[in-house]
Structure formats: C-alpha cells, structure tokens
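Everything below belongs to protein-v4.cif, which stores mmCIF, C-alpha atoms.
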data_coords
loop_
_atom_site.label_atom_id
_atom_site.label_comp_id
_atom_site.auth_asym_id
_atom_site.auth_seq_id
_atom_site.Cartn_x
_atom_site.Cartn_y
_atom_site.Cartn_z
CA MET A 9 -9.59 -19.49 6.09
CA ILE A 10 -9.91 -18.54 2.42
CA PHE A 11 -12.81 -20.94 1.69
CA ASN A 12 -14.81 -20.08 4.80
CA SER A 13 -17.81 -17.91 3.85
CA ASN A 14 -17.94 -16.26 7.29
CA LYS A 15 -14.31 -15.18 7.01
CA LYS A 16 -14.97 -13.82 3.51
CA PHE A 17 -17.82 -11.71 4.89
CA PHE A 18 -15.66 -10.31 7.68
CA ILE A 19 -12.83 -9.54 5.24
CA PHE A 20 -15.31 -7.58 3.12
CA ILE A 21 -16.48 -5.64 6.22
CA LEU A 22 -12.82 -5.06 7.17
CA CYS A 23 -12.09 -3.43 3.80
CA PHE A 24 -15.37 -1.50 3.79
CA SER A 25 -14.83 -0.10 7.32
CA SER A 26 -11.43 1.32 6.35
CA LEU A 27 -13.09 3.12 3.45
CA ILE A 28 -15.73 4.50 5.88
CA SER A 29 -12.97 5.97 8.07
CA ILE A 30 -11.07 7.46 5.14
CA SER A 31 -14.11 9.03 3.43
CA SER A 32 -15.90 10.31 6.55
CA ASN A 33 -16.41 14.08 6.89
CA SER A 34 -16.34 14.11 10.70
CA TRP A 35 -14.06 12.68 13.38
CA LEU A 36 -16.97 10.79 14.90
CA GLY A 37 -17.53 9.01 11.56
CA CYS A 38 -13.81 8.14 11.46
CA TRP A 39 -14.10 6.63 14.94
CA ILE A 40 -17.14 4.55 13.90
CA GLY A 41 -15.22 3.20 10.88
CA LEU A 42 -12.27 2.22 13.10
CA GLU A 43 -14.60 0.44 15.53
CA ILE A 44 -16.22 -1.58 12.72
CA ASN A 45 -12.71 -2.41 11.51
CA LEU A 46 -11.76 -3.71 14.96
CA LEU A 47 -14.92 -5.82 15.37
CA SER A 48 -14.50 -7.37 11.90
CA PHE A 49 -10.81 -8.24 12.33
CA ILE A 50 -11.23 -10.19 15.59
CA PRO A 51 -13.42 -12.98 14.04
CA ILE A 52 -10.87 -13.27 11.22
CA ILE A 53 -7.95 -13.94 13.57
CA SER A 54 -9.78 -15.93 16.27
CA ASN A 55 -9.70 -19.70 16.22
CA SER A 56 -11.24 -21.77 19.01
CA LYS A 57 -8.90 -24.70 18.28
CA ASN A 58 -5.74 -22.64 18.86
CA LEU A 59 -5.00 -21.08 22.26
CA LEU A 60 -2.31 -18.74 20.89
CA THR A 61 -4.74 -17.30 18.35
CA SER A 62 -7.44 -16.80 21.00
CA GLU A 63 -4.93 -15.03 23.22
CA ALA A 64 -3.78 -12.84 20.32
CA SER A 65 -7.36 -11.83 19.47
CA LEU A 66 -8.03 -10.89 23.11
CA LYS A 67 -4.84 -8.81 23.33
CA TYR A 68 -5.67 -7.11 20.04
CA PHE A 69 -9.19 -6.26 21.26
CA LEU A 70 -7.92 -4.76 24.54
CA THR A 71 -5.24 -2.56 22.98
CA GLN A 72 -7.50 -1.35 20.18
CA ALA A 73 -10.34 -0.68 22.64
CA ILE A 74 -8.03 1.46 24.81
CA ALA A 75 -6.94 3.44 21.73
CA SER A 76 -10.58 3.83 20.61
CA ILE A 77 -11.65 5.12 24.05
CA ASN A 78 -8.85 7.69 23.99
CA LEU A 79 -9.75 8.77 20.46
CA LEU A 80 -13.46 9.15 21.34
CA PHE A 81 -12.59 11.13 24.49
CA ILE A 82 -10.37 13.51 22.49
CA ILE A 83 -13.05 13.96 19.80
CA LEU A 84 -15.68 14.81 22.46
CA LEU A 85 -13.18 17.14 24.17
CA LYS A 86 -12.68 18.97 20.90
CA MET A 87 -16.41 19.25 20.24
CA THR A 88 -17.05 20.56 23.77
CA PHE A 89 -14.15 22.81 24.70
CA ILE A 90 -11.73 23.47 21.85
CA LYS A 91 -13.10 26.00 19.38
CA ASN A 92 -9.95 26.99 17.47
CA PHE A 93 -9.52 23.49 16.03
CA PHE A 94 -7.07 24.23 13.21
CA ASN A 95 -4.65 26.26 15.33
CA ASN A 96 -4.37 24.08 18.41
CA PHE A 97 -0.87 22.62 18.80
CA TYR A 98 -1.60 20.25 21.69
CA PHE A 99 -4.83 18.87 20.28
CA SER A 100 -3.02 17.69 17.14
CA MET A 101 -0.64 15.69 19.37
CA LEU A 102 -3.55 14.28 21.36
CA ILE A 103 -5.49 13.10 18.31
CA ASN A 104 -2.35 11.59 16.69
CA THR A 105 -1.52 9.48 19.78
CA PRO A 106 -4.43 6.94 19.71
CA LEU A 107 -4.10 6.63 15.92
CA LEU A 108 -0.41 5.77 16.34
CA MET A 109 -1.35 3.20 18.97
CA LYS A 110 -3.91 1.63 16.62
CA MET A 111 -1.28 1.00 13.93
CA GLY A 112 1.36 -0.29 16.39
CA SER A 113 3.74 2.63 16.11
CA ALA A 114 6.48 3.29 18.67
CA PRO A 115 6.32 4.08 21.58
CA PHE A 116 2.96 2.22 21.57
CA HIS A 117 4.41 -0.88 19.90
CA PHE A 118 4.25 -3.17 22.96
CA TRP A 119 1.40 -5.29 21.55
CA ILE A 120 2.19 -5.92 17.89
CA ALA A 121 5.03 -8.47 18.21
CA ASN A 122 3.18 -10.61 20.80
CA ILE A 123 -0.01 -10.60 18.76
CA MET A 124 1.76 -11.53 15.51
CA GLU A 125 3.39 -14.48 17.26
CA GLY A 126 -0.08 -16.04 17.68
CA LEU A 127 -1.32 -15.46 14.10
CA ASN A 128 -0.91 -17.41 10.88
CA TRP A 129 0.88 -15.83 7.92
CA MET A 130 -2.27 -14.60 6.15
CA ASN A 131 -3.47 -12.71 9.24
CA CYS A 132 0.06 -11.39 9.82
CA PHE A 133 -0.03 -9.87 6.36
CA ILE A 134 -3.40 -8.17 7.04
CA LEU A 135 -2.11 -6.78 10.35
CA MET A 136 1.11 -5.45 8.80
CA SER A 137 -0.49 -3.85 5.75
CA TRP A 138 -4.24 -3.20 5.55
CA GLN A 139 -4.69 -2.34 9.24
CA LYS A 140 -2.27 0.59 8.86
CA ILE A 141 -4.15 2.32 6.02
CA ALA A 142 -7.03 4.00 7.90
CA PRO A 143 -5.03 5.33 10.91
CA MET A 144 -2.24 6.57 8.63
CA ILE A 145 -4.58 8.52 6.34
CA LEU A 146 -6.44 9.96 9.35
CA ILE A 147 -3.09 11.20 10.70
CA SER A 148 -2.41 12.89 7.36
CA TYR A 149 -5.62 14.92 7.74
CA TYR A 150 -4.43 16.69 10.88
CA TYR A 151 -0.91 16.18 12.27
CA ASN A 152 1.79 17.87 14.30
CA SER A 153 4.98 18.00 12.24
CA MET A 154 7.40 18.19 15.18
CA PHE A 155 5.65 15.37 17.03
CA LEU A 156 5.59 13.08 13.97
CA THR A 157 9.30 13.75 13.30
CA ILE A 158 10.17 12.41 16.77
CA ILE A 159 7.78 9.45 16.32
CA SER A 160 9.33 8.60 12.93
CA ILE A 161 12.85 8.52 14.42
CA MET A 162 11.64 6.39 17.35
CA ASN A 163 9.98 3.90 14.98
CA ALA A 164 13.15 3.58 12.91
CA LEU A 165 15.41 2.98 15.92
CA ILE A 166 13.08 0.76 18.00
CA GLY A 167 12.19 -1.43 15.02
CA ALA A 168 15.86 -1.89 14.09
CA ILE A 169 17.25 -2.51 17.60
CA ASN A 170 14.50 -4.85 18.85
CA GLY A 171 14.70 -7.03 15.75
CA ILE A 172 18.36 -7.97 16.28
CA ASN A 173 17.91 -10.59 19.03
CA GLN A 174 14.77 -12.26 17.61
CA ILE A 175 14.65 -15.82 16.29
CA SER A 176 10.96 -15.84 15.29
CA LEU A 177 10.31 -14.82 11.68
CA ARG A 178 6.94 -13.32 12.65
CA LYS A 179 8.52 -11.11 15.31
CA ILE A 180 11.27 -10.08 12.89
CA LEU A 181 8.64 -9.01 10.35
CA ALA A 182 6.71 -7.22 13.13
CA PHE A 183 9.76 -5.11 14.04
CA SER A 184 10.46 -4.64 10.34
CA SER A 185 6.91 -3.28 10.08
CA ILE A 186 7.64 -0.82 12.93
CA ASN A 187 10.83 0.30 11.16
CA ASN A 188 9.01 0.80 7.86
CA LEU A 189 6.32 2.71 9.72
CA GLY A 190 8.97 5.34 10.45
CA TRP A 191 9.56 5.70 6.71
CA MET A 192 5.81 5.84 6.04
CA ILE A 193 5.27 8.60 8.62
CA ALA A 194 8.14 10.56 7.05
CA SER A 195 6.61 10.11 3.60
CA ILE A 196 3.07 11.10 4.60
CA MET A 197 4.39 14.34 6.10
CA ILE A 198 5.55 15.28 2.60
CA SER A 199 2.89 13.92 0.25
CA GLU A 200 0.06 11.37 0.21
CA ASN A 201 1.15 10.25 -3.27
CA LEU A 202 4.63 9.47 -1.93
CA TRP A 203 3.11 7.52 0.95
CA MET A 204 0.89 5.54 -1.46
CA ILE A 205 3.89 4.50 -3.58
CA TYR A 206 5.93 3.51 -0.51
CA PHE A 207 3.02 1.62 1.07
CA LEU A 208 2.19 -0.22 -2.16
CA ILE A 209 5.79 -1.44 -2.62
CA TYR A 210 6.06 -2.38 1.07
CA SER A 211 2.77 -4.32 0.92
CA ILE A 212 3.84 -6.23 -2.21
CA LEU A 213 7.18 -7.23 -0.64
CA ASN A 214 5.35 -8.27 2.55
CA THR A 215 2.93 -10.35 0.48
CA ILE A 216 5.84 -12.16 -1.18
CA LEU A 217 7.61 -12.98 2.10
CA CYS A 218 4.42 -14.05 3.93
CA PHE A 219 3.42 -16.26 0.99
CA MET A 220 6.88 -17.86 0.87
CA PHE A 221 7.01 -18.57 4.61
CA TYR A 222 3.45 -19.92 4.40
CA SER A 223 4.29 -22.21 1.48
CA ILE A 224 7.37 -23.69 3.20
CA ASN A 225 5.62 -23.66 6.63
CA SER A 226 8.42 -21.81 8.42
CA PHE A 227 8.07 -19.74 11.59
CA PHE A 228 11.63 -19.64 13.00
CA ILE A 229 15.09 -18.87 11.63
CA ASN A 230 16.53 -22.32 12.38
CA GLN A 231 13.89 -23.94 10.16
CA ILE A 232 15.34 -22.10 7.16
CA PHE A 233 18.82 -23.26 8.23
CA PHE A 234 17.97 -26.94 8.62
CA PHE A 235 15.29 -27.59 6.02
CA LYS A 236 16.44 -28.97 2.69
CA LEU A 237 15.05 -26.25 0.44
CA ASN A 238 15.49 -25.68 -3.26
CA ASN A 239 18.39 -23.24 -3.86
CA MET A 240 16.19 -21.15 -6.17
CA ILE A 241 13.69 -20.61 -3.35
CA LYS A 242 16.49 -19.53 -1.02
CA LEU A 243 17.76 -17.10 -3.65
CA ILE A 244 14.29 -15.57 -4.17
CA MET A 245 13.84 -15.26 -0.40
CA PHE A 246 17.25 -13.58 -0.12
CA PHE A 247 16.44 -11.08 -2.89
CA ASN A 248 13.08 -10.16 -1.39
CA MET A 249 14.56 -9.68 2.09
CA MET A 250 17.26 -7.44 0.67
CA SER A 251 14.58 -5.54 -1.21
CA LEU A 252 12.56 -5.07 2.00
CA GLY A 253 15.72 -3.80 3.71
CA GLY A 254 16.27 -1.23 0.95
CA LEU A 255 19.43 -2.52 -0.73
CA PRO A 256 20.04 -1.24 -4.28
CA PRO A 257 19.27 -2.21 -7.04
CA PHE A 258 16.14 -3.90 -5.65
CA LEU A 259 12.63 -2.48 -5.65
CA GLY A 260 12.59 -1.62 -1.93
CA PHE A 261 15.52 0.75 -2.45
CA PHE A 262 13.46 2.76 -4.96
CA SER A 263 10.78 3.70 -2.40
CA LYS A 264 13.34 4.57 0.29
CA TRP A 265 15.40 6.58 -2.21
CA MET A 266 12.34 8.64 -3.12
CA VAL A 267 11.59 9.39 0.55
CA ILE A 268 15.23 10.41 1.16
CA ASN A 269 15.15 12.63 -1.94
CA TYR A 270 12.08 14.56 -0.75
CA LEU A 271 13.27 14.73 2.87
CA ILE A 272 16.46 16.42 1.65
CA LEU A 273 14.38 18.95 -0.32
CA ASN A 274 12.39 19.70 2.87
CA ASN A 275 15.51 19.90 5.13
CA PHE A 276 14.70 16.91 7.38
CA LEU A 277 18.41 16.04 7.62
CA LEU A 278 18.40 14.60 11.17
CA MET A 279 15.50 12.29 10.29
CA ILE A 280 17.34 11.08 7.17
CA PHE A 281 20.40 10.14 9.26
CA PHE A 282 18.40 7.99 11.69
CA LEU A 283 16.32 6.38 8.95
CA ILE A 284 19.39 5.34 6.95
CA MET A 285 21.28 4.06 10.03
CA SER A 286 18.26 1.97 11.06
CA SER A 287 18.01 0.49 7.55
CA LEU A 288 21.61 -0.71 7.83
CA ILE A 289 20.74 -2.54 11.07
CA MET A 290 17.70 -4.07 9.36
CA LEU A 291 19.89 -5.32 6.51
CA PHE A 292 22.21 -6.90 9.09
CA PHE A 293 19.59 -9.18 10.58
CA TYR A 294 18.03 -9.95 7.19
CA LEU A 295 21.48 -11.15 6.14
CA ARG A 296 21.76 -13.14 9.37
CA ILE A 297 18.61 -15.05 8.41
CA MET A 298 19.98 -15.97 5.00
CA TYR A 299 23.74 -16.45 5.26
CA ALA A 300 23.83 -19.85 6.99
CA SER A 301 21.28 -21.34 4.59
CA PHE A 302 23.70 -20.69 1.71
CA MET A 303 26.64 -22.52 3.33
CA PHE A 304 27.48 -25.80 1.61
CA ASN A 305 28.85 -27.60 4.67
CA TYR A 306 26.07 -26.53 7.03
CA MET A 307 24.12 -29.31 8.71
CA LYS A 308 20.77 -29.94 7.03
CA LEU A 309 18.04 -32.41 7.92
CA LYS A 310 18.20 -34.47 4.75
CA TRP A 311 15.24 -36.62 5.71
CA PHE A 312 13.02 -33.56 6.19
CA LYS A 313 12.71 -32.18 2.70
CA ILE A 314 10.21 -29.42 1.99
CA LYS A 315 8.12 -30.18 -1.08
CA ILE A 316 6.70 -27.20 -2.95
CA LYS A 317 3.74 -27.51 -5.30
CA PHE A 318 4.78 -27.26 -8.92
CA SER A 319 2.40 -24.32 -9.57
CA TYR A 320 4.13 -22.32 -6.82
CA PHE A 321 7.38 -22.22 -8.80
CA TYR A 322 5.78 -19.97 -11.41
CA ILE A 323 4.71 -17.57 -8.65
CA PHE A 324 8.19 -17.69 -7.10
CA ASN A 325 9.79 -16.87 -10.44
CA MET A 326 7.50 -13.84 -10.80
CA MET A 327 8.55 -12.75 -7.30
CA TYR A 328 12.20 -13.12 -8.29
CA PHE A 329 11.86 -10.72 -11.22
CA PHE A 330 9.61 -8.32 -9.34
CA SER A 331 12.29 -7.53 -6.73
CA LEU A 332 14.76 -6.60 -9.49
CA PHE A 333 12.53 -3.86 -10.93
CA GLY A 334 13.91 -1.09 -8.72
CA LEU A 335 16.26 0.80 -11.02
CA PRO A 336 14.21 0.53 -14.24
CA ILE A 337 11.15 1.89 -12.39
CA SER A 338 13.17 4.71 -10.82
CA THR A 339 13.92 6.15 -14.26
CA PHE A 340 10.19 6.58 -14.98
CA PHE A 341 9.11 8.00 -11.61
CA PHE A 342 11.89 10.45 -10.87
CA TYR A 343 9.65 13.51 -11.15
CA ILE A 344 6.74 12.33 -9.00
#

Translate the structure described by the file into structure tokens.
Amino acid sequence: MIFNSNKKFFIFILCFSSLISISSNSWLGCWIGLEINLLSFIPIISNSKNLLTSEASLKYFLTQAIASINLLFIILLKMTFIKNFFNNFYFSMLINTPLLMKMGSAPFHFWIANIMEGLNWMNCFILMSWQKIAPMILISYYYNSMFLTIISIMNALIGAINGINQISLRKILAFSSINNLGWMIASIMISENLWMIYFLIYSILNTILCFMFYSINSFFINQIFFFKLNNMIKLIMFFNMMSLGGLPPFLGFFSKWMVINYLILNNFLLMIFFLIMSSLIMLFFYLRIMYASFMFNYMKLKWFKIKIKFSYFYIFNMMYFFSLFGLPISTFFFYI
C-alpha cells in the first residue's frame, strides 16, 4: 500500500479533505469536506483480491452515506426553518448525531468493529485516528453539553463491556477506540487544547500497537500466546497496552489524569465515575491478552518462530521508552 502511487494520492486527498471540513466557514462546506473524505478513504481500504476488504469498504460507504444524508438534511432544515441558530437546544442534538455516527461513537457504533475486522493494520490505524479528527472538531463548534455527557458515558461503558468477550485484536482495538472516544468527548467539552493533547497521545500509542501487530503478523489473541516471540517484544507490547489502558506511571495515564483533573474542576463527577470504572475493565482485558504469553510453562509452537527484522528492534526500543514518559511529562504540563 505504501509504495502505490494511487494510494498515496488518495491519502493526500484524505488529509486535505479533513482540513477543508475544519477550516470551512459554513456547514455546507463542512459537509463537502466530509464527503471528499469518505470518497478518498474507500479506494484506500478496498482491495479486489480480498473479499473481506471489499465487504468492509461497502459497509463503510453505506454507513457514512446515511450519516452524510442526515447531516445534509439537518443543514438544509436549519437554513430553511430555524432562524435562532445559536439558541436552539434540539438542533444542536440533531447536528451532533450524524457527526457521532461518522466517527463510530456509541450508540451508533454498530459498524466500526465489523469494518475493522476486514482491514489491514495500516487502514485500522487511519480509521481509529485520522477519521475522528474532522467530526470531533465539528462537534466542538456547536454542541449540546447534556447530550454529549450522556454520549460520553455510553461510549465508556459500551467500549469496555463489548471488548471483554472478543478474541480478535482488531475488534479489541475497535472497542478500545470507542472507550477512548468517551474520554475525547469529555475533553473537547472542556477545551480543544486538552482534546489535542489526549488525541495526540492516543494516536501515538495506537501507532505503536498497530505497527507491532503488523510486524509480527498477529490478528488474534491466541497467536500471541502460541508464537515464539522475543521476550523484549512481549514486554514492550505489555507496556504499551497498559499505557493505552491508562495505568500509571505510563504515558496514557497522563492524558487521562489531565481529563479527570479538569472534569473535577467543572463538576462532572458522575462522568468521572463511569470513565474510571470503564478504564478498569479495559485494563482487565488488556491484561488478559498479555498474561498467558508471559507464562514459562505455557505451550508454544516452537517450530513457528516469528522473525523480526533487525532494524525493527531500534524502533521497538524507542517505543519502550516512549510509554514510560508519563510522569516526567506530567510535571511540565500541569498548568495547561
């Protein structure tokens, strides 16, 4: 995918269309940017040689098209009937709903896990990170605080509970993405700077995990159990999963700690309770992925040894140190 010039062109259009949506001065311009984003992402994920990928691209097109139709209808409704735009309580809920569906937020999360199951790791990373930027920033322009509080709690709980009984690593990361979306919605209700810090850290940790699973060619939990992997790679994977779950003193805890700090200052105490409880559930099934691979007497397929390129070890060592940066960074950014 990386060396294909057509894919490079569509990736450029994908990035450019998100910037169109963010920088537009009208809702119609935002809708046009989201449509270009949709039409550039489908050629990136589609592959005629893989039926699962073709199915995933079709499902993605249908769900995004339904959300786009709803968004366009609400924009035209506003332009035609609703004059008091800034004071309308119900319109803010209406315009938030298709944007939440576009980023795979609960209760519109029915599509994201099935689509991720048909994608490779590079496309999974794009879907979990870049595709959330434009809808999230558009929500920050005009949102309903009460509605987003309920949506944030639903994301945290649905992402945590649905991830427990999964054996596919891609589905686990999809529900992890839904759970982290609850934290992102909570952070964007307070400050865009806070959301940018949280999203940047989340994207970096996602990059590390997707790159590791891509390099060892793993898609299911039992592959990590049975493959004869280097213990250092298992340790790095364990640290990054704990960091994504928000365990101190890792980097992922720093972003969650900042969100909790500002939610307390703004008296969102009920939201804090549900967000923290859901993070404990997330840590449980991250630990479930890793604990058996550390057992000495666990059955391993000795004849199926994963060989990692020597240059990858330098990247893995950088990942190892990056996840341990949480507490030193927190001393510098306490007064953000």

Would you mind telling me which residue in A:Ser263, A:Ser226, A:Thr157, A:Asn269 lies nearest to Phe282 of chain A when using only C-alpha atoms?
->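 Looking at the shortest contact to Phe282 of chain A, the residue is A:Thr157.
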
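Relative to atom CA of Pro106 of chain A, atom CA of Pro143 of chain A is found at 9.0 Å.
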
Centre and size of axis-aligned box enclosing segment 125-137 of chain A plus 3 Å each side, as JSON:
{"center_x": 0.0, "center_y": -10.6, "center_z": 11.7, "size_x": 12.9, "size_y": 19.6, "size_z": 17.9}

Nearby residues, (11.2, -16.9, 17.6) file frame, 10 Å, only C-alpha atoms, as number ranges by chain | A: 125, 173-180, 227-230

Write the residues of the preceding selection, restricted to C-alpha atoms, as an mmCIF file, keeping the file's coordinate frame.
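selection_13.cif was written with the following content:
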data_model
loop_
_atom_site.group_PDB
_atom_site.id
_atom_site.type_symbol
_atom_site.label_atom_id
_atom_site.label_comp_id
_atom_site.auth_asym_id
_atom_site.auth_seq_id
_atom_site.Cartn_x
_atom_site.Cartn_y
_atom_site.Cartn_z
ATOM 1 C CA GLU A 125 3.390 -14.480 17.260
ATOM 2 C CA ASN A 173 17.910 -10.590 19.030
ATOM 3 C CA GLN A 174 14.770 -12.260 17.610
ATOM 4 C CA ILE A 175 14.650 -15.820 16.290
ATOM 5 C CA SER A 176 10.960 -15.840 15.290
ATOM 6 C CA LEU A 177 10.310 -14.820 11.680
ATOM 7 C CA ARG A 178 6.940 -13.320 12.650
ATOM 8 C CA LYS A 179 8.520 -11.110 15.310
ATOM 9 C CA ILE A 180 11.270 -10.080 12.890
ATOM 10 C CA PHE A 227 8.070 -19.740 11.590
ATOM 11 C CA PHE A 228 11.630 -19.640 13.000
ATOM 12 C CA ILE A 229 15.090 -18.870 11.630
ATOM 13 C CA ASN A 230 16.530 -22.320 12.380
#

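Reported to one decimal place, the separation of atom CA of Leu202 of chain A from atom CA of Ile158 of chain A is 19.7 Å.
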
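Nearest residue to Tyr151 of chain A among A:Met101, A:Met109, A:Cys132, A:Ile172 is A:Met101, counting all atoms listed in the file.
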
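Comparing A:Leu66, A:Pro115, A:Ile198, A:Ile123 by their smallest distance to Asn275 of chain A, the closest is A:Ile198 (using all atoms listed in the file).
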
All residues 8 Å or closer to Leu108 of chain A, only C-alpha atoms, same chain fewer than 5 positions away omitted, as a list in words = Ser113, Ala114, Phe116, Pro143 and Met144 of chain A

Dump C-alpha atoms for the selected residues as a PDB file, in the coordinates of the input?
ATOM      1  CA  SER A 113       3.740   2.630  16.110  1.00  0.00           C
ATOM      2  CA  ALA A 114       6.480   3.290  18.670  1.00  0.00           C
ATOM      3  CA  PHE A 116       2.960   2.220  21.570  1.00  0.00           C
ATOM      4  CA  PRO A 143      -5.030   5.330  10.910  1.00  0.00           C
ATOM      5  CA  MET A 144      -2.240   6.570   8.630  1.00  0.00           C
TER       6      MET A 144
END

Between A:Met204, A:Leu107, A:Ile196, A:Leu102, which has the minimum distance to Lys86 of chain A (counting all atoms listed in the file)?
->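 Of A:Met204, A:Leu107, A:Ile196, A:Leu102, the one nearest Lys86 of chain A, counting all atoms listed in the file, is A:Leu102.
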
Could you rebuild segment 104-130 of chain A with N, CA and C atoms and give it back as a short mmCIF file (atom, residue, chain, number, x, y, z; two decimals), keeping the file's coordinate frame?
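rebuild.cif, freshly written:
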data_model
loop_
_atom_site.label_atom_id
_atom_site.label_comp_id
_atom_site.auth_asym_id
_atom_site.auth_seq_id
_atom_site.Cartn_x
_atom_site.Cartn_y
_atom_site.Cartn_z
N ASN A 104 -3.29 12.49 17.37
CA ASN A 104 -2.35 11.59 16.69
C ASN A 104 -1.99 10.38 17.54
N THR A 105 -1.99 10.54 18.88
CA THR A 105 -1.52 9.48 19.78
C THR A 105 -2.34 8.20 19.70
N PRO A 106 -3.69 8.22 19.83
CA PRO A 106 -4.43 6.94 19.71
C PRO A 106 -4.37 6.33 18.31
N LEU A 107 -4.23 7.17 17.28
CA LEU A 107 -4.10 6.63 15.92
C LEU A 107 -2.77 5.90 15.76
N LEU A 108 -1.71 6.45 16.37
CA LEU A 108 -0.41 5.77 16.34
C LEU A 108 -0.47 4.45 17.11
N MET A 109 -1.21 4.44 18.20
CA MET A 109 -1.35 3.20 18.97
C MET A 109 -2.13 2.16 18.18
N LYS A 110 -3.12 2.58 17.41
CA LYS A 110 -3.91 1.63 16.62
C LYS A 110 -3.08 0.94 15.55
N MET A 111 -2.09 1.63 14.97
CA MET A 111 -1.28 1.00 13.93
C MET A 111 -0.01 0.35 14.46
N GLY A 112 0.20 0.37 15.80
CA GLY A 112 1.36 -0.29 16.39
C GLY A 112 2.65 0.47 16.26
N SER A 113 2.54 1.80 16.24
CA SER A 113 3.74 2.63 16.11
C SER A 113 4.43 2.78 17.46
N ALA A 114 5.74 2.98 17.44
CA ALA A 114 6.48 3.29 18.67
C ALA A 114 6.06 4.68 19.13
N PRO A 115 6.01 4.95 20.44
CA PRO A 115 6.32 4.08 21.58
C PRO A 115 5.15 3.23 22.06
N PHE A 116 4.14 3.02 21.21
CA PHE A 116 2.96 2.22 21.57
C PHE A 116 3.00 0.87 20.86
N HIS A 117 4.20 0.33 20.70
CA HIS A 117 4.41 -0.88 19.90
C HIS A 117 4.41 -2.15 20.73
N PHE A 118 4.08 -2.04 22.04
CA PHE A 118 4.25 -3.17 22.96
C PHE A 118 3.41 -4.38 22.58
N TRP A 119 2.36 -4.20 21.79
CA TRP A 119 1.40 -5.29 21.55
C TRP A 119 1.64 -6.02 20.23
N ILE A 120 2.25 -5.37 19.25
CA ILE A 120 2.19 -5.92 17.89
C ILE A 120 3.01 -7.20 17.73
N ALA A 121 4.19 -7.28 18.37
CA ALA A 121 5.03 -8.47 18.21
C ALA A 121 4.40 -9.69 18.89
N ASN A 122 3.82 -9.49 20.09
CA ASN A 122 3.18 -10.61 20.80
C ASN A 122 1.95 -11.11 20.07
N ILE A 123 1.20 -10.19 19.48
CA ILE A 123 -0.01 -10.60 18.76
C ILE A 123 0.36 -11.34 17.48
N MET A 124 1.36 -10.86 16.76
CA MET A 124 1.76 -11.53 15.51
C MET A 124 2.29 -12.93 15.76
N GLU A 125 2.86 -13.15 16.94
CA GLU A 125 3.39 -14.48 17.26
C GLU A 125 2.27 -15.52 17.33
N GLY A 126 1.03 -15.09 17.59
CA GLY A 126 -0.08 -16.04 17.68
C GLY A 126 -0.92 -16.15 16.42
N LEU A 127 -0.52 -15.46 15.33
CA LEU A 127 -1.32 -15.46 14.10
C LEU A 127 -0.68 -16.33 13.02
N ASN A 128 -1.49 -16.75 12.05
CA ASN A 128 -0.91 -17.41 10.88
C ASN A 128 -0.42 -16.34 9.90
N TRP A 129 0.21 -16.78 8.81
CA TRP A 129 0.88 -15.83 7.92
C TRP A 129 -0.10 -14.93 7.19
N MET A 130 -1.29 -15.42 6.86
CA MET A 130 -2.27 -14.60 6.15
C MET A 130 -2.75 -13.45 7.04
#
